[in-house]
$ cat model09.txt   # compact mmCIF, C-alpha atoms
# COMPACT_ATOMS: atom_id res chain seq x y z
CA MET A 10 -12.10 1.36 6.36
CA LYS A 11 -12.36 -2.40 6.23
CA THR A 12 -10.15 -4.79 8.18
CA LYS A 13 -9.54 -8.52 8.46
CA LEU A 14 -7.47 -10.21 11.14
CA ILE A 15 -5.50 -13.27 10.03
CA GLN A 16 -4.59 -15.36 13.06
CA ASN A 17 -1.23 -17.14 13.08
CA LYS A 18 -1.07 -18.02 16.78
CA SER A 19 1.40 -15.23 17.44
CA ASN A 20 1.78 -12.72 20.25
CA ASP A 21 3.01 -10.17 17.70
CA LEU A 22 0.99 -8.31 15.07
CA VAL A 23 1.65 -6.65 11.72
CA VAL A 24 -0.79 -3.93 10.69
CA PHE A 25 -0.80 -3.88 6.89
CA LEU A 26 -2.26 -0.71 5.37
CA THR A 27 -2.71 -1.76 1.74
CA GLY A 28 -3.03 0.48 -1.29
CA TRP A 29 -5.75 2.14 -3.34
CA GLY A 30 -8.24 -0.29 -4.87
CA CYS A 31 -6.97 -3.23 -2.81
CA ASP A 32 -8.95 -5.73 -0.75
CA ASP A 33 -8.24 -8.80 1.36
CA ASN A 34 -8.53 -11.23 -1.56
CA GLN A 35 -5.42 -9.75 -3.17
CA PHE A 36 -3.31 -10.85 -0.22
CA LYS A 37 -4.96 -14.19 0.57
CA ASN A 38 -1.76 -16.06 -0.33
CA PHE A 39 0.49 -13.60 1.51
CA SER A 40 1.73 -15.42 4.61
CA SER A 41 3.11 -14.11 7.89
CA SER A 42 4.71 -15.66 10.97
CA LYS A 43 2.89 -12.99 12.99
CA ASN A 44 -0.80 -12.20 13.18
CA LEU A 45 -1.73 -9.94 10.29
CA LEU A 46 -4.32 -7.17 10.30
CA LEU A 47 -5.19 -6.36 6.69
CA CYS A 48 -6.66 -2.87 6.15
CA TRP A 49 -8.21 -1.49 2.96
CA ASP A 50 -10.90 0.79 1.53
CA TYR A 51 -10.07 4.29 2.75
CA CYS A 52 -13.39 5.87 1.82
CA THR A 53 -13.55 6.51 5.57
CA LEU A 54 -10.85 6.64 8.23
CA ASP A 55 -12.94 4.73 10.79
CA PHE A 56 -10.48 2.45 12.57
CA GLU A 57 -10.68 0.64 15.89
CA PHE A 58 -8.68 -2.35 17.10
CA ASP A 59 -7.63 -3.76 20.47
CA PHE A 60 -3.83 -3.92 20.44
CA SER A 61 -3.50 -4.70 24.15
CA LYS A 62 -3.01 -8.47 23.71
CA TYR A 63 0.10 -8.11 21.54
CA ASN A 64 3.71 -7.89 22.70
CA LYS A 65 4.91 -6.13 19.55
CA VAL A 66 3.04 -4.33 16.79
CA SER A 67 4.74 -3.51 13.48
CA LEU A 68 3.47 -1.48 10.54
CA LEU A 69 3.60 -2.31 6.85
CA THR A 70 2.28 0.32 4.45
CA TYR A 71 1.85 0.22 0.69
CA SER A 72 1.20 3.07 -1.77
CA ALA A 73 -1.80 5.04 -0.44
CA GLY A 74 -1.38 3.21 2.86
CA VAL A 75 1.71 5.34 3.53
CA LEU A 76 -0.49 8.44 3.66
CA ILE A 77 -3.16 6.66 5.71
CA ALA A 78 -0.60 5.60 8.30
CA CYS A 79 0.28 9.25 8.89
CA LEU A 80 -3.40 10.06 9.45
CA LEU A 81 -3.95 7.15 11.88
CA GLN A 82 -0.96 7.72 14.15
CA ASP A 83 -3.11 8.59 17.16
CA LYS A 84 -5.00 5.28 16.77
CA LEU A 85 -1.91 3.10 16.58
CA PRO A 86 0.15 1.84 19.54
CA GLU A 87 3.89 2.21 19.93
CA LEU A 88 5.32 0.49 16.87
CA ASP A 89 8.24 -1.90 16.84
CA LYS A 90 9.03 -1.52 13.12
CA LYS A 91 7.62 0.72 10.38
CA VAL A 92 8.01 -0.15 6.70
CA ALA A 93 6.80 1.76 3.63
CA VAL A 94 6.54 0.27 0.14
CA ASN A 95 6.15 2.34 -3.06
CA GLY A 96 4.43 5.37 -1.60
CA ASN A 97 4.87 8.60 0.34
CA PRO A 98 2.47 10.87 2.22
CA LEU A 99 2.46 13.55 -0.52
CA MET A 100 0.18 11.66 -2.90
CA THR A 101 -1.05 14.72 -4.80
CA ASP A 102 2.09 16.84 -4.61
CA LYS A 103 3.18 18.09 -8.04
CA LYS A 104 6.73 16.91 -7.50
CA PHE A 105 6.58 13.94 -5.15
CA GLY A 106 3.07 12.64 -5.72
CA ILE A 107 1.08 10.79 -8.39
CA SER A 108 0.64 12.66 -11.65
CA LYS A 109 -2.75 14.08 -12.61
CA LYS A 110 -2.73 11.80 -15.67
CA ILE A 111 -2.58 8.68 -13.50
CA ILE A 112 -5.12 9.99 -10.99
CA ASP A 113 -7.50 10.65 -13.89
CA LEU A 114 -6.97 7.06 -15.04
CA MET A 115 -7.84 5.84 -11.55
CA LEU A 116 -11.01 7.95 -11.54
CA ASN A 117 -12.12 6.50 -14.87
CA LEU A 118 -11.30 2.80 -14.54
CA ASN A 119 -13.88 0.42 -15.99
CA LEU A 120 -14.12 -3.06 -17.48
CA ASP A 121 -12.82 -1.82 -20.81
CA ASN A 122 -9.60 -0.23 -19.60
CA CYS A 123 -8.71 -1.93 -16.29
CA MET A 124 -6.57 -4.67 -17.87
CA ASP A 125 -4.50 -2.11 -19.72
CA PHE A 126 -4.04 -0.14 -16.48
CA ILE A 127 -2.89 -3.25 -14.60
CA SER A 128 -0.50 -4.32 -17.37
CA THR A 129 0.99 -0.86 -17.84
CA TYR A 130 1.24 0.46 -14.29
CA LEU A 131 1.08 -2.38 -11.78
CA VAL A 132 2.90 -5.46 -13.09
CA HIS A 133 6.17 -6.05 -14.89
CA ASP A 134 5.48 -8.92 -17.26
CA GLU A 135 3.06 -11.67 -18.29
CA GLN A 136 4.14 -13.89 -15.42
CA GLU A 137 3.37 -11.18 -12.86
CA LEU A 138 0.09 -10.40 -14.61
CA LYS A 139 -0.97 -14.03 -14.35
CA LYS A 140 -0.11 -14.06 -10.64
CA PHE A 141 -1.91 -10.74 -10.11
CA LEU A 142 -5.07 -12.06 -11.77
CA SER A 143 -5.00 -15.27 -9.75
CA ALA A 144 -5.89 -13.26 -6.64
CA PRO A 145 -7.56 -10.06 -7.85
CA SER A 146 -9.26 -7.33 -5.90
CA TYR A 147 -13.05 -7.64 -6.02
CA ARG A 148 -13.61 -3.97 -5.23
CA PRO A 149 -16.30 -2.38 -7.45
CA PHE A 150 -15.02 0.39 -9.71
CA GLU A 151 -17.29 2.91 -8.00
CA SER A 152 -15.77 2.08 -4.61
CA SER A 153 -12.25 2.63 -5.95
CA LYS A 154 -13.33 5.88 -7.58
CA GLN A 155 -14.76 7.19 -4.31
CA GLU A 156 -11.58 6.13 -2.56
CA ILE A 157 -9.27 8.15 -4.81
CA ILE A 158 -11.55 11.17 -4.33
CA LYS A 159 -11.25 10.80 -0.55
CA LEU A 160 -7.48 10.26 -0.75
CA GLN A 161 -7.14 13.57 -2.55
CA GLU A 162 -9.11 15.21 0.26
CA TYR A 163 -6.94 13.57 2.92
CA CYS A 164 -3.85 15.09 1.34
CA ASN A 165 -5.14 18.51 2.43
CA LEU A 166 -5.33 17.50 6.09
CA LYS A 167 -2.60 18.44 8.53
CA PHE A 168 -0.44 15.53 9.67
CA THR A 169 3.10 14.69 10.71
CA PRO A 170 4.92 12.36 8.28
CA ILE A 171 6.06 9.09 9.81
CA LYS A 172 9.76 8.35 9.99
CA PHE A 173 9.95 4.83 8.59
CA ASP A 174 12.60 2.34 9.64
CA LYS A 175 12.71 0.94 6.12
CA VAL A 176 11.46 2.18 2.77
CA ILE A 177 11.22 -0.17 -0.22
CA LEU A 178 11.01 1.34 -3.70
CA SER A 179 10.64 -0.23 -7.14
CA ASP A 180 13.13 0.90 -9.75
CA ASN A 181 10.45 1.08 -12.47
CA ASP A 182 7.38 2.18 -10.50
CA LYS A 183 4.85 3.63 -12.96
CA VAL A 184 2.60 5.21 -10.31
CA PHE A 185 5.07 7.06 -8.06
CA ASN A 186 8.10 8.39 -9.94
CA PRO A 187 11.14 6.37 -8.75
CA ALA A 188 13.52 9.35 -9.07
CA THR A 189 11.44 11.71 -6.94
CA GLN A 190 10.66 8.88 -4.50
CA GLN A 191 14.37 8.41 -3.94
CA GLU A 192 14.79 12.17 -3.56
CA TYR A 193 11.96 12.32 -1.01
CA PHE A 194 13.34 9.51 1.15
CA LYS A 195 16.97 10.55 0.57
CA ASP A 196 19.24 7.59 1.44
CA ASN A 197 16.73 5.71 3.60
CA PHE A 198 15.48 3.17 1.06
CA VAL A 199 16.04 -0.26 -0.45
CA LEU A 200 15.72 -0.26 -4.24
CA LEU A 201 14.06 -3.27 -5.86
CA LYS A 202 15.72 -3.74 -9.23
CA LYS A 203 15.08 -5.84 -12.35
CA ALA A 204 12.32 -3.50 -13.57
CA SER A 205 10.08 -3.92 -10.54
CA HIS A 206 6.75 -2.10 -11.02
CA HIS A 207 4.25 -0.67 -8.53
CA THR A 208 3.08 -4.03 -7.12
CA PRO A 209 6.25 -5.68 -5.77
CA PHE A 210 4.31 -8.07 -3.50
CA LEU A 211 4.07 -10.44 -6.46
CA ARG A 212 7.79 -11.13 -5.90
CA PHE A 213 7.36 -12.11 -2.27
CA SER A 214 5.41 -14.85 -0.56
CA SER A 215 5.37 -13.45 2.95
CA VAL A 216 5.41 -10.35 5.13
CA ASP A 217 8.56 -11.72 6.76
CA GLU A 218 10.51 -11.51 3.49
CA ILE A 219 9.71 -7.82 3.19
CA PHE A 220 10.67 -6.96 6.77
CA ASN A 221 13.93 -8.88 6.32
CA LEU A 222 15.05 -7.13 3.13

$ encode --input "model09.txt" --output "structure tokens"
Amino acid sequence: MKTKLIQNKSNDLVVFLTGWGCDDNQFKNFSSSKNLLLCWDYCTLDFEFDFSKYNKVSLLTYSAGVLIACLLQDKLPELDKKVAVNGNPLMTDKKFGISKKIIDLMLNLNLDNCMDFISTYLVHDEQELKKFLSAPSYRPFESSKQEIIKLQEYCNLKFTPIKFDKVILSDNDKVFNPATQQEYFKDNFVLLKKASHHTPFLRFSSVDEIFNL
């Protein structure tokens, strides 16, 4: 796992477990009033960080990061707030997870088909696509392929699902099925409407906006 600490002169910290294929460049314009620990690349679960200097630590998880949070619980301190966005721990479950069709697409992404994947599954319109491409992930395709292979393996590990304080779901998510997501989380979710797709961060400028939804 890779991490990057963004210092904002705060005594509080947000641990942000991003999604599959992400990197720090994607969130370079994503501000926070608290210090922000960006985490990505789950080809390994190696994770170490000194939380002792912080008064409060909160958790923000996105897509595959929801699963990773469940696997890292013993490495995290007591959490003040826990938020999940467009994901659940059952990534490969036939009902609640990502379909085999989409996982196969992830395994076979390349220069020829990546733009179609982004346009179809991640963003809502041309405006969001332009914003997405202004701060893209620079992860190599092979790295992302290895990551989805490892994520499928992690789904077979034993873990206790986290009880999130807030769950944010997109009404037109093309990666996780919105209907089964809502069934999984029951009534504990905020639904982003207006045809929001899998990458809702394009609609927000800060971590604070998400925690305050």

$ atom_distance --input "model09.txt" --atom1 "atom CA of Ser214 of chain A" --atom2 "atom CA of Val66 of chain A"
20.4 Å

$ closest_atom_pairs --input "model09.txt" --of "segment 21-68 of chain A" --to "segment 79-84 of chain A" --cutoff "9 Å" --atoms "all atoms listed in the file" --output "tab-separated table"
residue	atom	partner	partner_atom	distance
A:Leu54	CA	A:Leu81	CA	7.8
A:Phe56	CA	A:Lys84	CA	7.5
A:Glu57	CA	A:Lys84	CA	7.4
A:Phe58	CA	A:Lys84	CA	8.5

$ closest_atom_pairs --input "model09.txt" --of "segment 78-188 of chain A" --to "segment 192-213 of chain A" --cutoff "10 Å" --atoms "all atoms listed in the file" --output "CSV"
residue,atom,partner,partner_atom,distance
A:Val92,CA,A:Phe198,CA,9.9
A:Ala93,CA,A:Phe198,CA,9.2
A:Val94,CA,A:Pro209,CA,8.4
A:Asn95,CA,A:His207,CA,6.5
A:Gly96,CA,A:His207,CA,9.2
A:Asn97,CA,A:Tyr193,CA,8.1
A:Leu99,CA,A:Tyr193,CA,9.6
A:Lys104,CA,A:Tyr193,CA,9.5
A:Phe105,CA,A:Tyr193,CA,7.0
A:Ile127,CA,A:Thr208,CA,9.6
A:Ser128,CA,A:His206,CA,9.9
A:Thr129,CA,A:His206,CA,9.0
A:Tyr130,CA,A:His207,CA,6.6
A:Leu131,CA,A:His207,CA,4.9
A:Val132,CA,A:His206,CA,5.5
A:His133,CA,A:His206,CA,5.6
A:Asp134,CA,A:His206,CA,9.3
A:Gln136,CA,A:Leu211,CA,9.6
A:Glu137,CA,A:Leu211,CA,6.5
A:Leu138,CA,A:Leu211,CA,9.1
A:Lys140,CA,A:Leu211,CA,6.9
A:Phe141,CA,A:Leu211,CA,7.0
A:Lys172,CA,A:Phe194,CA,9.6
A:Phe173,CA,A:Asn197,CA,8.5
A:Asp174,CA,A:Asn197,CA,8.1
A:Lys175,CA,A:Phe198,CA,6.2
A:Val176,CA,A:Phe198,CA,4.5
A:Ile177,CA,A:Val199,CA,4.8
A:Leu178,CA,A:Leu200,CA,5.0
A:Ser179,CA,A:Leu201,CA,4.8
A:Asp180,CA,A:Lys202,CA,5.3
A:Asn181,CA,A:Ala204,CA,5.1
A:Asp182,CA,A:His206,CA,4.4
A:Lys183,CA,A:His207,CA,6.2
A:Val184,CA,A:His207,CA,6.4
A:Phe185,CA,A:His207,CA,7.8
A:Asn186,CA,A:His207,CA,9.9
A:Pro187,CA,A:Glu192,CA,8.6
A:Ala188,CA,A:Glu192,CA,6.3

$ residues_around --input "model09.txt" --residues "Lys43 of chain A" --least-positions-apart "2" --cutoff "12 Å" --atoms "all atoms listed in the file" --output "list in words"
Leu14, Ile15, Gln16, Asn17, Lys18, Ser19, Asn20, Asp21, Leu22, Val23, Val24, Phe25, Phe39, Ser40, Ser41, Leu45, Leu46, Tyr63, Asn64, Lys65, Val66, Ser67, Leu68, Ser215, Val216, Asp217 and Phe220 of chain A

$ residues_around --input "model09.txt" --residues "Pro149 of chain A" --least-positions-apart "2" --cutoff "12 Å" --atoms "only C-alpha atoms" --output "PyMOL selection string"
chain A and resi 30-32+50+118-120+123+145-147+151-156

$ axis_aligned_box --input "model09.txt" --around "segment 96-100 of chain A" --padding-each-side "4 Å" --output "AutoDock Vina command-line options"
--center_x 2.5 --center_y 9.5 --center_z -0.3 --size_x 12.7 --size_y 16.2 --size_z 13.1

$ closest_residue --input "model09.txt" --among "A:Arg148, A:Ser42, A:Gly106, A:Ser61" --to "Lys11 of chain A" --atoms "only C-alpha atoms"
A:Arg148

$ atom_distance --input "model09.txt" --atom1 "atom CA of Thr12 of chain A" --atom2 "atom CA of Lys91 of chain A"
18.7 Å

$ residues_around --input "model09.txt" --residues "Thr101 of chain A" --least-positions-apart "6" --cutoff "9 Å" --atoms "all atoms listed in the file" --output "list in words"
Ile107, Ser108, Lys109, Ile112, Leu160, Gln161 and Cys164 of chain A

$ atom_distance --input "model09.txt" --atom1 "atom CA of Pro170 of chain A" --atom2 "atom CA of Leu222 of chain A"
22.6 Å

$ closest_residue --input "model09.txt" --among "A:Thr169, A:Ala78, A:Phe126, A:Pro86" --to "Lys62 of chain A" --atoms "only C-alpha atoms"
A:Pro86

$ closest_residue --input "model09.txt" --among "A:Ile77, A:Leu26, A:Leu142, A:Leu69" --to "Leu166 of chain A" --atoms "only C-alpha atoms"
A:Ile77

$ closest_residue --input "model09.txt" --among "A:Phe168, A:Phe60, A:Tyr163, A:Phe36" --to "Cys48 of chain A" --atoms "all atoms listed in the file"
A:Phe36

$ build_atoms --input "model09.txt" --residues "segment 94-114 of chain A" --atoms "N, CA and C atoms" --output "PDB file, in the frame of the given file"
ATOM      1  N   VAL A  94       6.259   0.858   1.447  1.00  0.00           N
ATOM      2  CA  VAL A  94       6.540   0.270   0.140  1.00  0.00           C
ATOM      3  C   VAL A  94       5.858   1.105  -0.954  1.00  0.00           C
ATOM      4  N   ASN A  95       6.645   1.641  -1.860  1.00  0.00           N
ATOM      5  CA  ASN A  95       6.150   2.340  -3.060  1.00  0.00           C
ATOM      6  C   ASN A  95       5.048   3.368  -2.767  1.00  0.00           C
ATOM      7  N   GLY A  96       5.361   4.286  -1.877  1.00  0.00           N
ATOM      8  CA  GLY A  96       4.430   5.370  -1.600  1.00  0.00           C
ATOM      9  C   GLY A  96       5.071   6.401  -0.700  1.00  0.00           C
ATOM     10  N   ASN A  97       4.485   7.591  -0.644  1.00  0.00           N
ATOM     11  CA  ASN A  97       4.870   8.600   0.340  1.00  0.00           C
ATOM     12  C   ASN A  97       3.633   9.396   0.703  1.00  0.00           C
ATOM     13  N   PRO A  98       3.678  10.176   1.771  1.00  0.00           N
ATOM     14  CA  PRO A  98       2.470  10.870   2.220  1.00  0.00           C
ATOM     15  C   PRO A  98       1.977  11.963   1.273  1.00  0.00           C
ATOM     16  N   LEU A  99       2.823  12.418   0.343  1.00  0.00           N
ATOM     17  CA  LEU A  99       2.460  13.550  -0.520  1.00  0.00           C
ATOM     18  C   LEU A  99       1.861  13.051  -1.839  1.00  0.00           C
ATOM     19  N   MET A 100       0.756  12.351  -1.741  1.00  0.00           N
ATOM     20  CA  MET A 100       0.180  11.660  -2.900  1.00  0.00           C
ATOM     21  C   MET A 100      -0.189  12.582  -4.054  1.00  0.00           C
ATOM     22  N   THR A 101      -0.603  13.807  -3.742  1.00  0.00           N
ATOM     23  CA  THR A 101      -1.050  14.720  -4.800  1.00  0.00           C
ATOM     24  C   THR A 101      -0.067  15.866  -5.034  1.00  0.00           C
ATOM     25  N   ASP A 102       1.086  15.806  -4.413  1.00  0.00           N
ATOM     26  CA  ASP A 102       2.090  16.840  -4.610  1.00  0.00           C
ATOM     27  C   ASP A 102       2.589  16.832  -6.060  1.00  0.00           C
ATOM     28  N   LYS A 103       2.786  18.007  -6.634  1.00  0.00           N
ATOM     29  CA  LYS A 103       3.180  18.090  -8.040  1.00  0.00           C
ATOM     30  C   LYS A 103       4.534  17.457  -8.307  1.00  0.00           C
ATOM     31  N   LYS A 104       5.403  17.494  -7.315  1.00  0.00           N
ATOM     32  CA  LYS A 104       6.730  16.910  -7.500  1.00  0.00           C
ATOM     33  C   LYS A 104       6.818  15.477  -7.006  1.00  0.00           C
ATOM     34  N   PHE A 105       6.362  15.232  -5.782  1.00  0.00           N
ATOM     35  CA  PHE A 105       6.580  13.940  -5.150  1.00  0.00           C
ATOM     36  C   PHE A 105       5.396  12.989  -5.253  1.00  0.00           C
ATOM     37  N   GLY A 106       4.264  13.460  -5.717  1.00  0.00           N
ATOM     38  CA  GLY A 106       3.070  12.640  -5.720  1.00  0.00           C
ATOM     39  C   GLY A 106       2.791  11.930  -7.038  1.00  0.00           C
ATOM     40  N   ILE A 107       1.552  11.475  -7.182  1.00  0.00           N
ATOM     41  CA  ILE A 107       1.080  10.790  -8.390  1.00  0.00           C
ATOM     42  C   ILE A 107       0.634  11.841  -9.394  1.00  0.00           C
ATOM     43  N   SER A 108       0.988  11.661 -10.631  1.00  0.00           N
ATOM     44  CA  SER A 108       0.640  12.660 -11.650  1.00  0.00           C
ATOM     45  C   SER A 108      -0.860  12.739 -11.865  1.00  0.00           C
ATOM     46  N   LYS A 109      -1.324  13.892 -12.322  1.00  0.00           N
ATOM     47  CA  LYS A 109      -2.750  14.080 -12.610  1.00  0.00           C
ATOM     48  C   LYS A 109      -3.221  13.089 -13.668  1.00  0.00           C
ATOM     49  N   LYS A 110      -2.368  12.763 -14.623  1.00  0.00           N
ATOM     50  CA  LYS A 110      -2.730  11.800 -15.670  1.00  0.00           C
ATOM     51  C   LYS A 110      -3.115  10.458 -15.056  1.00  0.00           C
ATOM     52  N   ILE A 111      -2.318   9.990 -14.103  1.00  0.00           N
ATOM     53  CA  ILE A 111      -2.580   8.680 -13.500  1.00  0.00           C
ATOM     54  C   ILE A 111      -3.793   8.749 -12.578  1.00  0.00           C
ATOM     55  N   ILE A 112      -3.941   9.844 -11.838  1.00  0.00           N
ATOM     56  CA  ILE A 112      -5.120   9.990 -10.990  1.00  0.00           C
ATOM     57  C   ILE A 112      -6.393   9.999 -11.842  1.00  0.00           C
ATOM     58  N   ASP A 113      -6.344  10.662 -12.985  1.00  0.00           N
ATOM     59  CA  ASP A 113      -7.500  10.650 -13.890  1.00  0.00           C
ATOM     60  C   ASP A 113      -7.814   9.247 -14.388  1.00  0.00           C
ATOM     61  N   LEU A 114      -6.760   8.461 -14.647  1.00  0.00           N
ATOM     62  CA  LEU A 114      -6.970   7.060 -15.040  1.00  0.00           C
ATOM     63  C   LEU A 114      -7.659   6.282 -13.919  1.00  0.00           C
TER      64      LEU A 114
END
